Each structure stands twice: as C-alpha cells, then as structure tokens.
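Structure record follows, encoded as structure tokens.
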Amino acid sequence: MLRFAATRAQLDLVTYRQNLSRLRELASPSRLLVVVKANAYGHGVEVLCRVLREMPDLWLGVATLDEGIELRELGVKNPILMMGFYCLPGVAATVLEYRLTPAIFNLEMAERTQQAASRMGVRIAVHIKVDTGMARLGARGEEVERLCLYLAEQCPNLKVEGIFSHLADTTDPDLYELQRRRFEEACRVAEELLGPGLIRHLHSSAGLLLYPEHRYEMVRVGILSLGYPPPGAGEVPEGVSPVLTLKSQIMDLRRLGPSEGVSYHHRYRADREVLIATVPMGYADGYSTLLSGCGYALVRGRRVPVVGQVTMDYLMLDVSEVSGVKVEDEVVLVGAQGEEAVWFDQLAELSGLSIYELMSSLGRRIKREPTVEELTRDLIAGF
C-alpha cells in the first residue's frame, strides 16, 4: 500500500461508468467484454473494480492467470476470459478453482484442461482461439478442425462456449477482410463439429467503431473503455471520455543562468535565465525518456515544457513563465487543469510511442485512487 506517493493517478469512476454504459449501448445486441489486462492498461484495476462489480453482465478479458486470480480476489463475479491462457503443467486446476474461462488453441492445452476438470468432477466453459493473421497464438487452418474434433470427442468436461480471433490491423481494409473471412470459415467448421450457438468475437475497440456490421455475438473493448480512440479509428463516441488524471507536484525550484545545463549530459542548456521545477515522476514510473525535450505538463493552468533528459525518478519543467509558482504546486501530467489539457494520445504523438505502451508503463510507485467525488459517494452510501 502506497502511503506517501507524491504522484497519483486519479480515476474518475463516474466517467468510467458512463463509458461502459455508452459502449454497452453501442455494442448491443452483442455482449461487451472489457479488457482489463496489464492492470487495466496501467490505470489500476483495483480501483476500476468498484465499477466492474456493479455490472455483472459485462465480460472481462485478461492475458494471464495471475490477472484473473487478482480479479476474483477483488470480489469480481463477472465471467473472465483468459485470452492468452498458457497451460503449464498443474495450472489448469487453478483455472478451474478460480472459475476462469481459458482460451484453448492446441491439443495439449485441451488435454490438460480436460484432465483437471475430470479430476475435479466439473464441466467448464472454454473458448477456442483462432489465428487469422497475427501469427502469434491460436489454431490456424486445418488445426482448427483437429482441435474441434478433439474437443468434441475427447473432452466431455469442456463445454466450448465461444470462438475468437485477434485482428492485426483494422485500418487496412484488405487485411481486415482477409482475417474476417478466415475467422468465419473457422466458425463454420467449429459450429459444424461442436454445434451452433457459439459466442463469436473478433472485434476490439477499433472494430466496434469501424465495422459495426460485423460485431458477432461479443465485442472486446480496452482502450475505448478508458476514453481514448484506437489509433486510426477516428474519434471516441459521444459520451465517452478519458478516465485518468495523472498528478504530481513541484518538489524543488531553482534558477539557472544562460548556458547552464539541466539533467544528464546537459542536452538542454538555458538560453536565458530560467526557473526549473523538479517533479517526482521519471521513466521508472512510466514517463518515457522519449518525452525528454518534447513533452509538456500543466502548472497553474499553463503548459510548461519538459526540459533536459527524463531520469529514472524525476523530470524537470521550465516554469519561467508561470506567475507565482511555488514548491508543492500541483502538476498535471495527464488530464485537464484550467483551460488547458494534456492527454495520453497527445503524448504518444510527441514521443512516437504507442498510446498503449505509454498507458501500460505507468509504474507501481504511482498511487491509484478514485476521485474525491467517488469517495464522497461511497461515504454517503455507508450511512
């Protein structure tokens, strides 16, 4: 538990509820699966679970077994799909114990999961993962038929509930159409061998926005649920907004004269007298060194540039133009302050990094907390 963190990620759970409700409407009549892997893309799954527990109809998606266990230990009862299930020996029993839904993409995984379910005397739901073009995980081509036959004939304790794939690129219409055709062929084979009524899901956030005619029975959303559009997919729908504000504070101020350098290697040298603020947020916390000299933050409602190289624990800002600035002033690194704002997609463009990488890099030293409004709501509800 972090007690003294100067840098905080405040999560607006009112906005998060609104985002999920809006996306549920957009996806309807398809079901909605909310991807919360990698600590909900760095946002903080423990805090977001306050909302997820209120919406048991939503499916949740994780990448690893530990992520699924964490959700169950946080009291989440929603269906949880392990999209990247890696079935090491002895792991399948833990999957069953925590009532998780594994993605199966080869015979060995099916066999181990079947053996564990048989030993425990239970029947569990599984989803088949198909590789339609990512060349990462999933059964492909004739492997789909062999896997379906094995599940149908050798796995009485496994109920195939769904089938899914992962799109490599939604902005390339030809590649999208190729993957969609491969997916539909895999679905045809699966339903022929296993029976109709499978939950089919192919689309991520981008697919929801770009290809509404092919939503199938379920749509997976990750970045869109957090208020950002996937790159190349246009704008977020009306009623969807960013959830996270990243705040820190000035811990030191010092004046430098012309030609004096800042941070490692003095890649920045002042060309005039400047006032430099040091902020406890560095690359170990997820603020990329690629934002050195091009990023910006907000202080007293004004944009101020990041100067010098971002270090492991700190970054430096030129606050020369901010009137009345002082130590302990609030610094907004992501979010709005006054009339100005800085968002993850803007920082991604400045740095050349993926917005997903920027988000998910937010480190453990950053305290995640609900906004004051949400804490007040909980306090009132307790009376």
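Ordering of the structure tokens sets the chain letters (A, B, ...), residue numbers begin anew at 1 in every chain, and ligands are numbered from 1 in the order given.
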
Residues of stretch 318-382 of chain A that have any atom at most 10 Å from an atom of stretch 288-296 of chain A: could you tabulate them with the shortest-distance atom pair and the distance in Å to one decimal, using only C-alpha atoms, ordered by chain and increasing number, as a Markdown table?
```
| residue | atom | partner | partner_atom | distance |
| --- | --- | --- | --- | --- |
| A:Asp318 | CA | A:Tyr296 | CA | 9.4 |
| A:Val332 | CA | A:Tyr296 | CA | 9.4 |
| A:Leu333 | CA | A:Tyr296 | CA | 7.5 |
| A:Val334 | CA | A:Tyr296 | CA | 9.4 |
| A:Val342 | CA | A:Tyr296 | CA | 7.8 |
| A:Gln346 | CA | A:Gly295 | CA | 9.2 |
| A:Leu347 | CA | A:Gly295 | CA | 6.6 |
| A:Ala348 | CA | A:Leu291 | CA | 8.9 |
| A:Glu349 | CA | A:Gly295 | CA | 9.9 |
| A:Leu350 | CA | A:Cys294 | CA | 6.5 |
| A:Ser351 | CA | A:Leu290 | CA | 5.2 |
| A:Gly352 | CA | A:Leu290 | CA | 7.7 |
| A:Leu353 | CA | A:Leu290 | CA | 8.1 |
| A:Glu357 | CA | A:Ser288 | CA | 9.6 |
| A:Leu358 | CA | A:Ser288 | CA | 7.5 |
| A:Ser361 | CA | A:Ser288 | CA | 8.5 |
| A:Leu362 | CA | A:Ser288 | CA | 9.7 |
```

Could you list, with a cut-off of 9 Å and counting only C-alpha atoms, the residues of stretch 143-229 of chain A near stretch 2-22 of chain A, each shown with its nearest atom pair and the distance in Å rounded to one decimal, rows sorted by chain and ascending number, as a tab-separated table?
```
residue	atom	partner	partner_atom	distance
A:Leu224	CA	A:Asn19	CA	8.1
A:Ser225	CA	A:Asn19	CA	5.7
A:Leu226	CA	A:Tyr16	CA	6.8
A:Gly227	CA	A:Asn19	CA	7.1
```

field: Which of stretch 173-290 of chain A DSSP labels alpha helix (DSSP H), written as JSON, numbers by chain
entry: {"A": [173, 174, 175, 176, 177, 178, 179, 180, 181, 182, 183, 184, 185, 186, 187, 188, 189, 190, 191, 192, 193, 194, 205, 206, 207, 208, 209, 210]}

Please produce, as a Markdown table, a per-residue contact table for stretch 63-143 of chain A versus stretch 181-198 of chain A (criterion: any atom at most 8 Å away, only C-alpha atoms considered), showing the nearest atom pair and its distance in Å to one decimal, sorted by chain then residue number.
```
| residue | atom | partner | partner_atom | distance |
| --- | --- | --- | --- | --- |
| A:Val130 | CA | A:Phe183 | CA | 7.3 |
| A:Thr132 | CA | A:Arg182 | CA | 5.8 |
| A:Gly141 | CA | A:Ala186 | CA | 7.8 |
```

query: Per DSSP on the backbone, what are the strand (DSSP E) residues of stretch 27-271 of chain A, as a ChimeraX atom specification?
result: /A:31-35,59-62,80-82,101-104,124-130,158-165,199-201,218-221,244-249,252-256,261-262,268-269

Dump C-alpha atoms for the selected residues as a JSON list (two decimals), in the first residue's frame?
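Okay, this is what ended up in selection10.json:
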```json
[["chain", "number", "residue", "atom", "x", "y", "z"],
["A", 31, "ARG", "CA", -22.32, -8.63, -25.45],
["A", 32, "LEU", "CA", -19.49, -6.42, -24.22],
["A", 33, "LEU", "CA", -16.15, -7.76, -22.97],
["A", 34, "VAL", "CA", -13.97, -5.18, -21.19],
["A", 35, "VAL", "CA", -10.25, -5.88, -21.49],
["A", 59, "TRP", "CA", -17.38, -10.00, -19.56],
["A", 60, "LEU", "CA", -13.79, -9.21, -18.56],
["A", 61, "GLY", "CA", -10.66, -10.09, -20.50],
["A", 62, "VAL", "CA", -7.18, -10.72, -19.09],
["A", 80, "ILE", "CA", -13.41, -13.71, -17.00],
["A", 81, "LEU", "CA", -11.80, -14.86, -20.26],
["A", 82, "MET", "CA", -8.06, -15.58, -20.16],
["A", 101, "THR", "CA", -12.62, -19.27, -18.78],
["A", 102, "PRO", "CA", -9.49, -20.37, -20.65],
["A", 103, "ALA", "CA", -8.74, -19.80, -24.31],
["A", 104, "ILE", "CA", -7.75, -23.12, -25.90],
["A", 124, "ILE", "CA", -16.18, -25.78, -17.55],
["A", 125, "ALA", "CA", -16.60, -23.36, -20.43],
["A", 126, "VAL", "CA", -13.72, -22.71, -22.82],
["A", 127, "HIS", "CA", -13.22, -20.51, -25.88],
["A", 128, "ILE", "CA", -11.27, -21.57, -28.96],
["A", 129, "LYS", "CA", -8.64, -19.08, -30.08],
["A", 130, "VAL", "CA", -8.01, -18.89, -33.82],
["A", 158, "LEU", "CA", -15.12, -28.97, -21.55],
["A", 159, "LYS", "CA", -18.02, -27.01, -22.99],
["A", 160, "VAL", "CA", -16.93, -24.93, -25.97],
["A", 161, "GLU", "CA", -18.77, -21.67, -25.34],
["A", 162, "GLY", "CA", -17.06, -19.32, -27.78],
["A", 163, "ILE", "CA", -14.54, -18.81, -30.55],
["A", 164, "PHE", "CA", -12.46, -15.71, -31.21],
["A", 165, "SER", "CA", -9.50, -14.20, -33.01],
["A", 199, "ILE", "CA", -20.19, -16.78, -28.88],
["A", 200, "ARG", "CA", -18.13, -15.39, -31.74],
["A", 201, "HIS", "CA", -15.90, -12.37, -31.11],
["A", 218, "MET", "CA", -19.50, -10.19, -28.49],
["A", 219, "VAL", "CA", -17.19, -7.18, -28.83],
["A", 220, "ARG", "CA", -13.99, -6.64, -26.83],
["A", 221, "VAL", "CA", -13.11, -3.08, -25.77],
["A", 244, "LEU", "CA", -7.46, 9.03, -15.65],
["A", 245, "THR", "CA", -5.78, 12.22, -14.46],
["A", 246, "LEU", "CA", -2.10, 11.88, -13.57],
["A", 247, "LYS", "CA", -0.98, 14.44, -10.99],
["A", 248, "SER", "CA", 2.23, 15.20, -9.17],
["A", 249, "GLN", "CA", 3.73, 18.27, -7.52],
["A", 252, "ASP", "CA", 12.09, 21.87, -5.95],
["A", 253, "LEU", "CA", 12.61, 25.17, -7.78],
["A", 254, "ARG", "CA", 15.92, 26.62, -8.88],
["A", 255, "ARG", "CA", 17.07, 29.46, -11.11],
["A", 256, "LEU", "CA", 19.62, 28.85, -13.82],
["A", 261, "GLY", "CA", 22.60, 22.76, -18.32],
["A", 262, "VAL", "CA", 19.80, 20.56, -16.98],
["A", 268, "TYR", "CA", 19.31, 21.14, -22.67],
["A", 269, "ARG", "CA", 21.11, 24.41, -21.92]]
```

field: Within 12 Å of A:Val322 using only C-alpha atoms, minus same-chain residues under 4 positions, as number ranges by chain
entry: A: 274-277, 298-305, 317-318, 326, 329

Grab the residues selected above and save them as a PDB file, in the first residue's frame with C-alpha atoms.
```pdb
ATOM      1  CA  VAL A 274      15.097  30.200 -16.370  1.00  0.00           C
ATOM      2  CA  LEU A 275      13.216  28.750 -13.425  1.00  0.00           C
ATOM      3  CA  ILE A 276      13.375  24.947 -13.340  1.00  0.00           C
ATOM      4  CA  ALA A 277      10.886  22.810 -11.399  1.00  0.00           C
ATOM      5  CA  LEU A 298       0.355  21.802 -16.745  1.00  0.00           C
ATOM      6  CA  VAL A 299       1.152  24.113 -13.829  1.00  0.00           C
ATOM      7  CA  ARG A 300      -1.344  26.721 -12.636  1.00  0.00           C
ATOM      8  CA  GLY A 301      -3.318  26.196 -15.819  1.00  0.00           C
ATOM      9  CA  ARG A 302      -0.381  26.839 -18.155  1.00  0.00           C
ATOM     10  CA  ARG A 303       1.502  24.486 -20.449  1.00  0.00           C
ATOM     11  CA  VAL A 304       5.140  24.141 -19.463  1.00  0.00           C
ATOM     12  CA  PRO A 305       7.799  22.180 -21.376  1.00  0.00           C
ATOM     13  CA  LEU A 317       9.971  21.592 -16.243  1.00  0.00           C
ATOM     14  CA  ASP A 318      10.674  25.146 -17.363  1.00  0.00           C
ATOM     15  CA  LYS A 326       5.976  27.636  -5.745  1.00  0.00           C
ATOM     16  CA  ASP A 329       2.182  23.377  -6.600  1.00  0.00           C
TER      17      ASP A 329
END
```

- prompt: Excluding same-chain residues fewer than 3 positions from stretch 40-47 of chain A, what lies within 8 Å of it counting only C-alpha atoms, as a list in words?
  reply: Ala9, Leu11, Val35, Val36, Lys37, Arg50, Leu71, Leu74, Gly222, Ile223, Leu244, Tyr356, Met359, Ser360, Ser361, Leu362, Gly363, Arg368, Glu369 and Pro370 of chain A
